[in-house]
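Below is data22.cif, which holds mmCIF, C-alpha atoms and all ligand atoms.
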data_input
#
loop_
_atom_site.label_atom_id
_atom_site.label_comp_id
_atom_site.auth_asym_id
_atom_site.auth_seq_id
_atom_site.Cartn_x
_atom_site.Cartn_y
_atom_site.Cartn_z
CA MET A 1 24.61 86.75 -23.31
CA HIS A 2 22.68 86.73 -19.98
CA GLU A 3 24.07 83.35 -18.87
CA LEU A 4 23.45 84.33 -15.27
CA SER A 5 19.72 84.77 -15.75
CA LEU A 6 19.60 81.46 -17.61
CA LEU A 7 21.30 79.83 -14.64
CA GLU A 8 18.73 81.40 -12.35
CA ASN A 9 16.10 79.69 -14.51
CA VAL A 10 17.98 76.41 -14.08
CA ARG A 11 17.88 76.86 -10.34
CA GLU A 12 14.17 77.62 -10.38
CA ILE A 13 13.36 74.61 -12.56
CA LEU A 14 15.36 72.42 -10.15
CA GLU A 15 13.48 73.79 -7.19
CA ASN A 16 10.14 73.12 -8.86
CA HIS A 17 11.17 69.58 -9.73
CA ALA A 18 12.38 69.00 -6.20
CA VAL A 19 8.81 69.39 -5.05
CA SER A 20 7.06 67.45 -7.81
CA GLN A 21 9.68 64.67 -7.96
CA LYS A 22 10.43 64.65 -4.23
CA PHE A 23 14.15 65.03 -3.89
CA SER A 24 16.25 67.21 -1.62
CA LYS A 25 19.64 67.33 -3.27
CA VAL A 26 20.99 67.46 -6.79
CA THR A 27 24.44 66.00 -7.42
CA LYS A 28 24.63 66.34 -11.19
CA VAL A 29 22.97 68.58 -13.76
CA THR A 30 23.11 67.78 -17.47
CA LEU A 31 22.35 70.59 -19.89
CA GLU A 32 22.00 70.30 -23.64
CA ILE A 33 23.28 73.40 -25.35
CA GLY A 34 22.98 73.68 -29.11
CA LYS A 35 25.79 75.20 -31.10
CA LEU A 36 23.35 77.69 -32.64
CA SER A 37 21.78 78.73 -29.34
CA SER A 38 23.85 81.87 -28.64
CA VAL A 39 24.71 80.51 -25.21
CA GLU A 40 28.38 80.34 -24.30
CA PRO A 41 29.04 77.05 -22.45
CA GLU A 42 32.16 78.51 -20.81
CA ALA A 43 30.11 81.34 -19.30
CA LEU A 44 27.59 78.82 -17.98
CA ARG A 45 30.37 76.82 -16.32
CA PHE A 46 31.81 80.00 -14.90
CA GLY A 47 28.55 81.11 -13.31
CA PHE A 48 27.16 77.73 -12.27
CA ASP A 49 28.77 77.39 -8.84
CA VAL A 50 27.93 80.97 -7.91
CA VAL A 51 24.26 80.72 -8.86
CA MET A 52 23.76 77.28 -7.29
CA LYS A 53 25.33 78.31 -4.01
CA GLY A 54 22.82 77.93 -1.19
CA SER A 55 20.44 75.93 -3.36
CA LEU A 56 19.76 72.21 -3.41
CA ALA A 57 22.29 71.95 -6.25
CA GLU A 58 25.17 73.48 -4.31
CA ASN A 59 28.38 71.67 -5.29
CA ALA A 60 26.59 69.72 -8.01
CA GLU A 61 28.55 68.63 -11.04
CA LEU A 62 27.66 70.37 -14.31
CA ILE A 63 27.70 68.43 -17.57
CA ILE A 64 27.15 70.34 -20.78
CA SER A 65 26.53 68.27 -23.87
CA ASP A 66 26.89 70.08 -27.15
CA ILE A 67 24.33 69.63 -29.89
CA ALA A 68 25.62 70.16 -33.41
CA GLY A 69 23.93 72.65 -35.74
CA LEU A 70 21.87 71.27 -38.64
CA GLY A 71 19.71 73.00 -41.22
CA VAL A 72 17.68 72.26 -44.32
CA CYS A 73 18.21 74.51 -47.31
CA GLN A 74 14.92 75.93 -48.60
CA GLN A 75 16.44 76.23 -52.08
CA CYS A 76 18.21 72.91 -52.76
CA SER A 77 16.51 70.90 -49.98
CA LEU A 78 19.80 69.42 -48.79
CA GLN A 79 20.60 68.97 -45.13
CA VAL A 80 23.66 71.01 -44.13
CA GLU A 81 25.83 71.30 -41.05
CA MET A 82 25.82 74.80 -39.57
CA GLU A 83 28.39 76.59 -37.44
CA THR A 84 26.22 79.69 -36.89
CA SER A 85 22.49 80.19 -37.30
CA HIS A 86 22.88 82.80 -39.98
CA GLU A 87 25.11 81.22 -42.59
CA PRO A 88 24.21 80.48 -46.21
CA CYS A 89 23.77 76.93 -47.54
CA SER A 90 27.15 75.29 -47.95
CA HIS A 91 25.97 73.60 -51.18
CA CYS A 92 24.15 76.26 -53.17
CA GLY A 93 24.82 79.46 -51.22
CA SER A 94 21.17 80.27 -50.60
CA PRO A 95 20.65 82.40 -47.48
CA PHE A 96 17.37 80.62 -46.73
CA VAL A 97 18.36 77.76 -44.47
CA LYS A 98 15.97 76.51 -41.84
CA VAL A 99 17.57 75.42 -38.58
CA ILE A 100 16.36 71.96 -37.56
CA GLN A 101 18.79 71.21 -34.75
CA GLY A 102 21.21 73.13 -32.58
CA ALA A 103 19.04 75.95 -31.24
CA GLU A 104 18.19 74.07 -28.05
CA MET A 105 19.25 75.08 -24.57
CA LYS A 106 17.61 72.88 -22.04
CA ILE A 107 18.01 70.88 -18.87
CA LYS A 108 18.16 67.26 -19.96
CA ASP A 109 18.26 65.41 -16.66
CA LEU A 110 19.51 65.40 -13.08
CA ILE A 111 21.05 62.99 -10.67
CA VAL A 112 19.30 63.50 -7.35
CA ILE A 113 19.15 62.11 -3.87
CA MET B 114 -1.68 88.23 -16.10
CA CYS B 115 0.05 86.17 -13.50
CA GLY B 116 -1.87 82.94 -13.68
CA ILE B 117 1.45 81.21 -13.31
CA CYS B 118 3.37 82.94 -10.56
CA GLY B 119 0.32 84.26 -8.74
CA CYS B 120 2.46 87.17 -7.66
CA SER B 121 -0.34 89.71 -8.06
CA GLN B 122 -2.36 87.91 -5.43
CA PRO B 123 -1.75 89.29 -1.95
CA GLY B 124 -0.02 87.00 0.49
CA LYS B 125 1.13 84.62 -2.18
CA ILE B 126 4.80 84.34 -2.86
CA ASN B 127 6.35 84.03 -6.28
CA ASN B 128 7.10 80.44 -7.21
CA ARG B 129 10.56 80.45 -5.68
CA LEU B 130 10.04 77.26 -3.78
CA GLN B 131 12.19 76.37 -0.86
CA PRO B 132 14.16 73.15 -1.03
CA VAL B 133 12.30 70.37 0.72
CA ASN B 134 13.89 69.89 4.08
CA GLY B 135 11.59 67.52 5.89
CA ARG B 136 11.46 65.32 2.85
CA VAL B 137 8.21 63.86 1.77
CA HIS B 138 8.01 60.16 2.23
CA GLN B 139 5.67 58.64 -0.26
CA HIS B 140 4.39 55.13 -0.48
CA ASP B 141 2.75 54.96 -3.84
CA ASN B 142 4.06 51.51 -4.78
CA ASP B 143 3.67 48.84 -2.14
CA HIS B 144 7.32 48.34 -1.54
CA GLY B 145 7.39 46.40 1.69
CA HIS B 146 9.64 48.77 3.56
CA GLN B 147 13.24 48.19 2.87
CA HIS B 148 14.61 51.65 3.40
CA HIS B 149 18.25 50.93 2.75
CA ASP B 150 18.29 52.52 -0.69
CA HIS B 151 16.43 55.72 0.11
CA GLU B 152 19.68 57.64 -0.02
CA ALA B 153 20.52 56.15 -3.39
CA GLU B 154 21.04 58.47 -6.31
CA ARG B 155 18.51 58.37 -9.08
CA LEU B 156 18.01 59.98 -12.46
CA VAL B 157 15.26 62.54 -13.00
CA LYS B 158 14.37 63.42 -16.59
CA VAL B 159 13.66 67.11 -17.05
CA GLU B 160 13.82 67.97 -20.77
CA GLN B 161 12.81 71.56 -20.15
CA ASP B 162 13.93 74.59 -22.12
CA LEU B 163 15.82 77.19 -20.09
CA LEU B 164 13.61 79.91 -21.46
CA SER B 165 10.39 77.97 -21.03
CA LYS B 166 9.15 80.19 -18.23
CA ASN B 167 9.74 83.37 -20.19
CA ASN B 168 8.11 81.80 -23.24
CA THR B 169 5.01 80.85 -21.28
CA TYR B 170 4.59 84.44 -20.10
CA ALA B 171 5.27 85.70 -23.60
CA GLU B 172 2.45 83.55 -24.99
CA GLN B 173 0.09 84.90 -22.31
CA ASN B 174 1.01 88.44 -23.29
CA ARG B 175 0.59 87.64 -26.98
CA ALA B 176 -2.86 86.18 -26.37
CA TYR B 177 -3.81 89.32 -24.45
CA PHE B 178 -2.57 91.59 -27.25
CA GLN B 179 -4.49 89.60 -29.85
CA GLN B 180 -7.66 89.59 -27.83
CA HIS B 181 -7.55 93.37 -27.41
CA ASN B 182 -6.11 94.13 -30.83
CA ILE B 183 -3.03 95.80 -29.43
CA PHE B 184 -0.23 96.03 -31.98
CA THR B 185 2.96 95.59 -29.97
CA LEU B 186 6.53 96.35 -31.00
CA ASN B 187 9.72 95.50 -29.14
CA LEU B 188 12.31 98.17 -29.97
CA VAL B 189 15.90 97.09 -29.55
CA SER B 190 19.22 98.81 -30.22
CA SER B 191 22.53 99.63 -28.64
CA PRO B 192 22.42 102.50 -26.11
CA GLY B 193 21.74 105.85 -27.71
CA ALA B 194 20.68 104.73 -31.20
CA GLY B 195 17.65 106.98 -30.84
CA LYS B 196 14.78 104.75 -29.68
CA THR B 197 13.21 107.29 -27.33
CA THR B 198 13.63 110.16 -29.78
CA LEU B 199 12.03 108.01 -32.48
CA LEU B 200 9.11 107.19 -30.18
CA VAL B 201 8.56 110.81 -29.13
CA GLU B 202 8.46 111.95 -32.77
CA THR B 203 6.27 108.99 -33.74
CA ILE B 204 3.76 109.79 -31.01
CA LYS B 205 3.54 113.42 -32.17
CA VAL B 206 2.55 112.21 -35.64
CA LEU B 207 0.18 109.40 -34.70
CA LYS B 208 -1.37 110.10 -31.31
CA ASP B 209 -4.57 111.58 -32.71
CA ARG B 210 -5.18 108.57 -34.94
CA PHE B 211 -5.18 105.79 -32.33
CA PRO B 212 -4.27 105.28 -28.66
CA ILE B 213 -0.57 104.73 -27.95
CA ALA B 214 1.13 103.47 -24.80
CA VAL B 215 4.81 102.95 -24.06
CA ILE B 216 6.75 100.65 -21.75
CA GLU B 217 10.30 101.86 -21.14
CA GLY B 218 13.07 99.53 -20.05
CA ASP B 219 16.30 100.91 -18.63
CA GLN B 220 18.63 99.70 -15.93
CA GLN B 221 18.05 102.91 -13.97
CA THR B 222 16.13 106.23 -14.06
CA GLU B 223 12.69 107.39 -15.17
CA HIS B 224 14.18 109.68 -17.82
CA ASP B 225 12.80 107.95 -20.87
CA ALA B 226 9.30 107.45 -19.44
CA ASP B 227 9.25 111.15 -18.50
CA ARG B 228 10.16 112.08 -22.08
CA ILE B 229 7.26 109.96 -23.36
CA ARG B 230 4.77 111.30 -20.78
CA ALA B 231 5.63 114.84 -21.89
CA THR B 232 3.90 113.97 -25.20
CA GLY B 233 0.69 113.16 -23.33
CA VAL B 234 0.61 109.39 -23.77
CA PRO B 235 0.82 106.94 -20.86
CA ALA B 236 4.24 105.44 -20.18
CA LEU B 237 5.51 103.01 -17.60
CA GLN B 238 9.16 102.71 -16.67
CA ILE B 239 10.62 99.32 -15.79
CA ASN B 240 14.02 99.53 -14.13
CA THR B 241 15.74 96.23 -14.73
CA GLY B 242 18.53 96.92 -12.24
CA ARG B 243 21.08 94.18 -12.65
CA ALA B 244 19.44 92.65 -15.71
CA CYS B 245 20.31 93.80 -19.20
CA HIS B 246 16.99 92.93 -20.84
CA LEU B 247 13.24 93.04 -20.31
CA ASP B 248 11.45 89.74 -19.76
CA ALA B 249 7.90 88.67 -20.52
CA HIS B 250 6.90 88.40 -16.88
CA GLY B 251 7.72 92.06 -16.20
CA ILE B 252 5.84 93.06 -19.35
CA GLY B 253 2.76 91.14 -18.17
CA HIS B 254 2.67 93.20 -14.99
CA ALA B 255 3.32 96.43 -16.88
CA ILE B 256 0.37 95.73 -19.19
CA MET B 257 -1.95 95.37 -16.20
CA GLU B 258 -0.61 98.50 -14.56
CA LEU B 259 -0.85 100.64 -17.68
CA GLY B 260 -4.37 99.52 -18.56
CA ILE B 261 -3.74 99.70 -22.29
CA LYS B 262 -6.70 100.58 -24.54
CA ALA B 263 -7.96 98.16 -27.17
CA ASN B 264 -7.19 98.82 -30.85
CA SER B 265 -3.98 100.59 -30.02
CA LEU B 266 -0.25 100.67 -30.44
CA LEU B 267 2.04 99.52 -27.63
CA ALA B 268 5.73 100.31 -28.03
CA ILE B 269 8.16 98.56 -25.71
CA GLU B 270 11.57 100.20 -25.62
CA ASN B 271 14.01 97.53 -24.51
CA VAL B 272 17.22 98.12 -22.59
CA GLY B 273 19.97 99.44 -24.86
CA ASN B 274 21.84 96.21 -25.64
CA LEU B 275 22.32 94.41 -28.94
CA VAL B 276 22.91 91.01 -27.37
CA CYS B 277 20.53 89.42 -24.93
CA PRO B 278 17.14 91.04 -25.61
CA SER B 279 17.21 88.95 -28.80
CA SER B 280 16.40 85.76 -26.91
CA PHE B 281 13.64 87.08 -24.67
CA ASP B 282 10.29 87.01 -26.42
CA LEU B 283 7.97 89.57 -24.82
CA GLY B 284 4.88 88.59 -26.78
CA GLU B 285 5.38 91.33 -29.37
CA ALA B 286 4.23 91.21 -32.98
CA HIS B 287 7.64 92.33 -34.24
CA LYS B 288 11.08 93.16 -32.98
CA VAL B 289 12.31 96.40 -34.54
CA VAL B 290 16.05 96.96 -34.41
CA VAL B 291 17.25 100.57 -34.54
CA LEU B 292 20.78 101.11 -35.85
CA SER B 293 22.17 104.62 -36.03
CA VAL B 294 24.74 105.56 -38.65
CA THR B 295 27.30 106.59 -36.04
CA GLU B 296 27.63 102.99 -34.87
CA GLY B 297 29.26 101.54 -37.98
CA ASP B 298 27.83 99.60 -40.90
CA ASP B 299 29.13 96.21 -39.76
CA LYS B 300 26.86 95.89 -36.69
CA PRO B 301 24.52 93.34 -38.35
CA LEU B 302 27.47 90.96 -38.73
CA LYS B 303 28.87 91.65 -35.27
CA TYR B 304 25.53 91.12 -33.52
CA PRO B 305 23.82 88.69 -35.90
CA ASP B 306 21.37 87.23 -33.37
CA MET B 307 19.60 90.54 -32.95
CA PHE B 308 19.37 91.30 -36.65
CA HIS B 309 18.24 87.73 -37.25
CA ALA B 310 15.45 88.08 -34.69
CA ALA B 311 14.17 91.45 -35.96
CA ASP B 312 11.55 91.85 -38.69
CA LEU B 313 12.33 95.51 -39.37
CA MET B 314 15.56 97.49 -39.21
CA LEU B 315 15.46 101.26 -38.92
CA ILE B 316 18.66 102.96 -40.00
CA ASN B 317 18.43 106.12 -37.90
CA LYS B 318 20.30 109.45 -37.87
CA THR B 319 20.65 109.52 -41.67
CA ASP B 320 21.08 113.31 -41.33
CA LEU B 321 24.57 112.50 -40.04
CA LEU B 322 25.60 110.43 -43.08
CA PRO B 323 27.71 113.26 -44.59
CA TYR B 324 29.87 113.28 -41.45
CA VAL B 325 30.48 109.59 -40.85
CA ASP B 326 31.98 106.68 -42.73
CA PHE B 327 28.85 104.56 -42.97
CA ASP B 328 28.09 102.65 -46.15
CA VAL B 329 24.30 102.22 -46.19
CA GLU B 330 24.42 99.72 -49.05
CA ARG B 331 26.96 97.56 -47.24
CA CYS B 332 24.97 97.70 -44.00
CA ILE B 333 21.84 96.53 -45.82
CA ASN B 334 23.75 93.66 -47.45
CA TYR B 335 25.11 92.56 -44.09
CA ALA B 336 21.65 92.67 -42.53
CA ARG B 337 20.23 90.58 -45.41
CA GLN B 338 23.05 88.07 -44.96
CA VAL B 339 21.89 87.27 -41.46
CA ASN B 340 18.19 87.82 -42.19
CA PRO B 341 17.11 87.65 -45.84
CA ASP B 342 13.54 88.68 -44.97
CA ILE B 343 14.32 91.80 -42.93
CA GLN B 344 12.54 95.01 -43.94
CA ILE B 345 14.57 98.21 -43.87
CA ILE B 346 13.65 101.88 -43.51
CA GLN B 347 16.24 104.67 -43.48
CA LEU B 348 15.20 107.79 -41.59
CA SER B 349 16.16 110.68 -39.38
CA SER B 350 14.17 111.01 -36.18
CA THR B 351 15.33 114.53 -35.44
CA LYS B 352 15.25 116.02 -38.96
CA GLY B 353 12.23 114.05 -40.16
CA ASP B 354 13.72 112.69 -43.41
CA ASN B 355 11.72 109.69 -44.60
CA PHE B 356 9.89 109.62 -41.28
CA SER B 357 6.48 109.15 -42.87
CA VAL B 358 7.56 105.82 -44.37
CA TRP B 359 7.88 104.54 -40.80
CA THR B 360 4.69 106.12 -39.47
CA ASP B 361 2.76 104.83 -42.50
CA TRP B 362 4.13 101.33 -41.84
CA LEU B 363 2.91 101.61 -38.26
CA ALA B 364 -0.51 102.99 -39.12
CA ALA B 365 -1.02 100.17 -41.64
CA HIS B 366 -0.34 97.63 -38.90
CA VAL B 367 -2.56 99.09 -36.23
CA LYS B 368 -5.84 97.81 -37.54
CA LEU B 369 -8.52 100.07 -36.25
CA GLU B 370 -11.43 97.75 -36.64
CA SER B 371 -11.81 95.59 -33.61
CA HIS B 372 -12.11 91.87 -34.31
CA VAL B 373 -13.98 90.47 -31.38
N1 LIG A 401 21.45 113.74 -35.47
C1 LIG A 401 20.54 112.89 -34.96
N2 LIG A 401 20.53 112.63 -33.64
C2 LIG A 401 19.57 111.81 -33.17
C3 LIG A 401 18.62 111.19 -34.01
N3 LIG A 401 17.83 110.40 -33.25
C4 LIG A 401 18.28 110.51 -31.98
N4 LIG A 401 19.33 111.37 -31.93
C5 LIG A 401 20.10 111.77 -30.73
O1 LIG A 401 20.74 110.62 -30.20
C6 LIG A 401 20.85 110.73 -28.78
C7 LIG A 401 20.30 109.50 -28.10
O2 LIG A 401 18.92 109.42 -28.37
P1 LIG A 401 17.90 108.59 -27.48
O3 LIG A 401 16.57 108.75 -28.14
O4 LIG A 401 18.02 108.96 -26.06
O5 LIG A 401 18.46 107.12 -27.70
P2 LIG A 401 17.96 105.76 -27.01
O6 LIG A 401 18.17 104.69 -28.01
O7 LIG A 401 16.59 105.94 -26.49
O8 LIG A 401 18.99 105.63 -25.81
P3 LIG A 401 18.92 104.59 -24.55
O9 LIG A 401 17.48 104.53 -24.10
O10 LIG A 401 19.81 105.21 -23.54
O11 LIG A 401 19.43 103.28 -25.07
C8 LIG A 401 20.11 111.99 -28.40
O12 LIG A 401 21.04 113.03 -28.23
C9 LIG A 401 19.23 112.25 -29.60
O13 LIG A 401 18.91 113.61 -29.79
C10 LIG A 401 18.66 111.49 -35.42
O14 LIG A 401 17.88 111.01 -36.23
N5 LIG A 401 19.64 112.35 -35.83
MG MG A 402 15.83 105.48 -24.58
ZN ZN A 403 21.24 74.87 -50.70
ZN ZN A 404 3.94 87.89 -11.74
ZN ZN A 405 9.13 53.58 2.57
ZN ZN A 406 20.22 90.24 -20.46
#
Kindly transcribe the structure held in the file into structure tokens.
Amino acid sequence: MHELSLLENVREILENHAVSQKFSKVTKVTLEIGKLSSVEPEALRFGFDVVMKGSLAENAELIISDIAGLGVCQQCSLQVEMETSHEPCSHCGSPFVKVIQGAEMKIKDLIVI
Amino acid sequence: MCGICGCSQPGKINNRLQPVNGRVHQHDNDHGHQHHDHEAERLVKVEQDLLSKNNTYAEQNRAYFQQHNIFTLNLVSSPGAGKTTLLVETIKVLKDRFPIAVIEGDQQTEHDADRIRATGVPALQINTGRACHLDAHGIGHAIMELGIKANSLLAIENVGNLVCPSSFDLGEAHKVVVLSVTEGDDKPLKYPDMFHAADLMLINKTDLLPYVDFDVERCINYARQVNPDIQIIQLSSTKGDNFSVWTDWLAAHVKLESHV
């Protein structure tokens, strides 16, 4: 989806932090992208350099750490691993599975100067 | 609406802050002035969601809608599924019962807003240009510009796109996904995020069912696979079949008594 507009949000969050945390350059950006988040890590990598060009994160290194998908079945109460956010429980087949991990897409931390 | 970006206030720029050039030199911990490590790299924790800004605006919009009892729908579909036609026909049926306003999102043109205005209700067009979705910030400004009446219905027609509008909350009460029978019955599986995010699916253009290979039953099963709770209404916006099921659903949701 709209990876470019997400990257523009990354840039804006960096710029806001640069003021509040008093830094002038970012050398590394670590994102946490959940497997169930509908964000394509490859597309983020592809767009990162372009969107950061001219910003304080120009030439920064991008690290994307994947977060596995986990859900709790509302029927059998078991915790199940999930590959997509819309799949039935792998134990009992119930379609009612609540995602408890893997939907996140956030900036974890930065290395700054 | 823009308590955050302040962009409605004259002379104030949106919060696109410039990188700090003359860097601020702060002495908050008596550190006895050894400046050798000022160029050293350090870790800054952020832990912030990439959509946090949109979500903050969406919550502002939602609070506004609740306060003024405005029932807001976010209509999503692929291009041409019939969103504007559906809205025009809906307005004809309901406009004497409660106030209706429409926000139209398209990459370009005023066409859809003009079609809505022709029915006599206020409409505002947002041209998203490069972007393929509406965001909550733009909706906040549109609300202010339209001056929407209390105890009313606000329909937001999103940009025709079954992918990314699913992740941008606008502050609506429900997402309504419109799927027309000419698009194929497997769309809920191909674009699961959208059908997962929607509370209601309208299967539109049912008048064309005799001419296309579209298995309604199968489509409904697919939609329930990705969203067991989804409500479904089959209708034709141009021929009117089953249309009152939809307008009754709407009328039931627009509560006319104000709850101040
Ligand atoms: N046969 C038939 N045609 C319909 C129906 N609803 C809409 N259409 C036609 O479908 C075409 C597209 O309709 P629009 O209302 O412009 O679709 P839209 O979803 O608003 O399109 P975009 O805003 O461009 O994404 C028009 O030619 C409509 O007349 C229906 O129920 N039956
Ligand atoms: Mg339209
Ligand atoms: Zn189960
Ligand atoms: Zn604003
Ligand atoms: Zn010092
Ligand atoms: Zn988009």
Can you check which parts of chain B lie within 6 Å of chain A? Per residue, the shortest pair of atoms and distance in Å to one decimal, counting all atoms listed in the file, sorted by chain and number, as a tab-separated table.
residue	atom	partner	partner_atom	distance
B:Leu130	CA	A:Glu15	CA	6.0
B:Val133	CA	A:Ser24	CA	5.6
B:Glu152	CA	A:Ile113	CA	5.9
B:Glu154	CA	A:Ile113	CA	4.8
B:Arg155	CA	A:Val112	CA	5.5
B:Leu156	CA	A:Ile111	CA	4.6
B:Val157	CA	A:Leu110	CA	5.1
B:Lys158	CA	A:Asp109	CA	4.4
B:Val159	CA	A:Asp109	CA	4.9
B:Glu160	CA	A:Lys108	CA	4.5
B:Gln161	CA	A:Lys106	CA	5.3
B:Asp162	CA	A:Lys106	CA	4.1
B:Leu163	CA	A:Lys106	CA	5.1
B:Cys277	CA	A:Met1	CA	5.1
B:Val339	CA	A:His86	CA	4.8
Could you give me the residues within 7 Å of ligand ZN 403 (chain A), counting all atoms listed in the file, as a short mmCIF file (atom, residue, chain, number, x, y, z; two decimals) with C-alpha atoms, in the frame of the given file?
data_model
loop_
_atom_site.label_atom_id
_atom_site.label_comp_id
_atom_site.auth_asym_id
_atom_site.auth_seq_id
_atom_site.Cartn_x
_atom_site.Cartn_y
_atom_site.Cartn_z
CA CYS A 73 18.21 74.51 -47.31
CA GLN A 74 14.92 75.93 -48.60
CA GLN A 75 16.44 76.23 -52.08
CA CYS A 76 18.21 72.91 -52.76
CA SER A 77 16.51 70.90 -49.98
CA LEU A 78 19.80 69.42 -48.79
CA CYS A 89 23.77 76.93 -47.54
CA SER A 90 27.15 75.29 -47.95
CA HIS A 91 25.97 73.60 -51.18
CA CYS A 92 24.15 76.26 -53.17
CA GLY A 93 24.82 79.46 -51.22
CA SER A 94 21.17 80.27 -50.60
#
For ligand LIG 401 (chain A), return the neighbouring residues as a list in words (distance at most 6 Å; only C-alpha atoms and all ligand atoms).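 Final answer, ordered by chain and number: Ser191, Pro192, Gly193, Ala194, Gly195, Lys196, Thr197, Thr198, Gly273, Asn317, Lys318, Asp320, Leu321, Ser349, Ser350 and Thr351 of chain B.
Of the listed residues B:Val290, B:Leu259, B:Asp328, B:Asp225, the one whose atoms come nearest to ligand MG 402 (chain A) is B:Asp225, with distances taken using all atoms listed in the file.
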d(atom CA of B:Ser265, atom CA of B:Gly233) in Å: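 Separation between atom CA of B:Ser265 and atom CA of B:Gly233: 15.0 Å.
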Ref. answer, residues at most 10 Å from (-4.9, 90.9, -30.3) with only C-alpha atoms, as a list in words: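 Applying the cut-off with only C-alpha atoms, one gets Asn174, Arg175, Ala176, Tyr177, Phe178, Gln179, Gln180, His181, Asn182, Ile183, Phe184, Thr185, Ala263, Asn264, Ser265, Ala286, Ser371, His372 and Val373 of chain B.
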C-alpha atoms of the current selection, written as an mmCIF file, keeping the file's coordinate frame:
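Below is the file out-v4.cif, written as the result:
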data_model
loop_
_atom_site.group_PDB
_atom_site.id
_atom_site.type_symbol
_atom_site.label_atom_id
_atom_site.label_comp_id
_atom_site.auth_asym_id
_atom_site.auth_seq_id
_atom_site.Cartn_x
_atom_site.Cartn_y
_atom_site.Cartn_z
ATOM 1 C CA ASN B 174 1.010 88.440 -23.290
ATOM 2 C CA ARG B 175 0.590 87.640 -26.980
ATOM 3 C CA ALA B 176 -2.860 86.180 -26.370
ATOM 4 C CA TYR B 177 -3.810 89.320 -24.450
ATOM 5 C CA PHE B 178 -2.570 91.590 -27.250
ATOM 6 C CA GLN B 179 -4.490 89.600 -29.850
ATOM 7 C CA GLN B 180 -7.660 89.590 -27.830
ATOM 8 C CA HIS B 181 -7.550 93.370 -27.410
ATOM 9 C CA ASN B 182 -6.110 94.130 -30.830
ATOM 10 C CA ILE B 183 -3.030 95.800 -29.430
ATOM 11 C CA PHE B 184 -0.230 96.030 -31.980
ATOM 12 C CA THR B 185 2.960 95.590 -29.970
ATOM 13 C CA ALA B 263 -7.960 98.160 -27.170
ATOM 14 C CA ASN B 264 -7.190 98.820 -30.850
ATOM 15 C CA SER B 265 -3.980 100.590 -30.020
ATOM 16 C CA ALA B 286 4.230 91.210 -32.980
ATOM 17 C CA SER B 371 -11.810 95.590 -33.610
ATOM 18 C CA HIS B 372 -12.110 91.870 -34.310
ATOM 19 C CA VAL B 373 -13.980 90.470 -31.380
#
Could you jot down the atom CA of A:Pro41 to atom CA of A:Lys98 separation for me, Å, one decimal place?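 That distance, rounded to one decimal, is 23.4 Å.
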Can you pull out the residues contacting B:Val325? Cut-off 12 Å, using only C-alpha atoms, and skip same-chain residues under 6 positions away; I want them as a PyMOL selection string. chain B and resi 293-298+318-319
Test item: residues no farther than 12 Å from ligand MG 402 (chain A), counting only C-alpha atoms and all ligand atoms, as an MDAnalysis selection string: chainID B and resid 188:201 215:229 238:239 268:274 291
Can those selected residues be exported to a file as a short mmCIF file (atom, residue, chain, number, x, y, z; two decimals), in the frame of the given file so that it contains C-alpha atoms?
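To be explicit, this is the file written out as part.cif:
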data_model
loop_
_atom_site.label_atom_id
_atom_site.label_comp_id
_atom_site.auth_asym_id
_atom_site.auth_seq_id
_atom_site.Cartn_x
_atom_site.Cartn_y
_atom_site.Cartn_z
CA LEU B 188 12.31 98.17 -29.97
CA VAL B 189 15.90 97.09 -29.55
CA SER B 190 19.22 98.81 -30.22
CA SER B 191 22.53 99.63 -28.64
CA PRO B 192 22.42 102.50 -26.11
CA GLY B 193 21.74 105.85 -27.71
CA ALA B 194 20.68 104.73 -31.20
CA GLY B 195 17.65 106.98 -30.84
CA LYS B 196 14.78 104.75 -29.68
CA THR B 197 13.21 107.29 -27.33
CA THR B 198 13.63 110.16 -29.78
CA LEU B 199 12.03 108.01 -32.48
CA LEU B 200 9.11 107.19 -30.18
CA VAL B 201 8.56 110.81 -29.13
CA VAL B 215 4.81 102.95 -24.06
CA ILE B 216 6.75 100.65 -21.75
CA GLU B 217 10.30 101.86 -21.14
CA GLY B 218 13.07 99.53 -20.05
CA ASP B 219 16.30 100.91 -18.63
CA GLN B 220 18.63 99.70 -15.93
CA GLN B 221 18.05 102.91 -13.97
CA THR B 222 16.13 106.23 -14.06
CA GLU B 223 12.69 107.39 -15.17
CA HIS B 224 14.18 109.68 -17.82
CA ASP B 225 12.80 107.95 -20.87
CA ALA B 226 9.30 107.45 -19.44
CA ASP B 227 9.25 111.15 -18.50
CA ARG B 228 10.16 112.08 -22.08
CA ILE B 229 7.26 109.96 -23.36
CA GLN B 238 9.16 102.71 -16.67
CA ILE B 239 10.62 99.32 -15.79
CA ALA B 268 5.73 100.31 -28.03
CA ILE B 269 8.16 98.56 -25.71
CA GLU B 270 11.57 100.20 -25.62
CA ASN B 271 14.01 97.53 -24.51
CA VAL B 272 17.22 98.12 -22.59
CA GLY B 273 19.97 99.44 -24.86
CA ASN B 274 21.84 96.21 -25.64
CA VAL B 291 17.25 100.57 -34.54
#
If you count all atoms listed in the file, which residues fall within 10 Å of B:Leu207, apart from same-chain ones fewer than 4 positions away, as a PyMOL selection string? chain B and resi 202-203+211-213+266+360-361+363-364
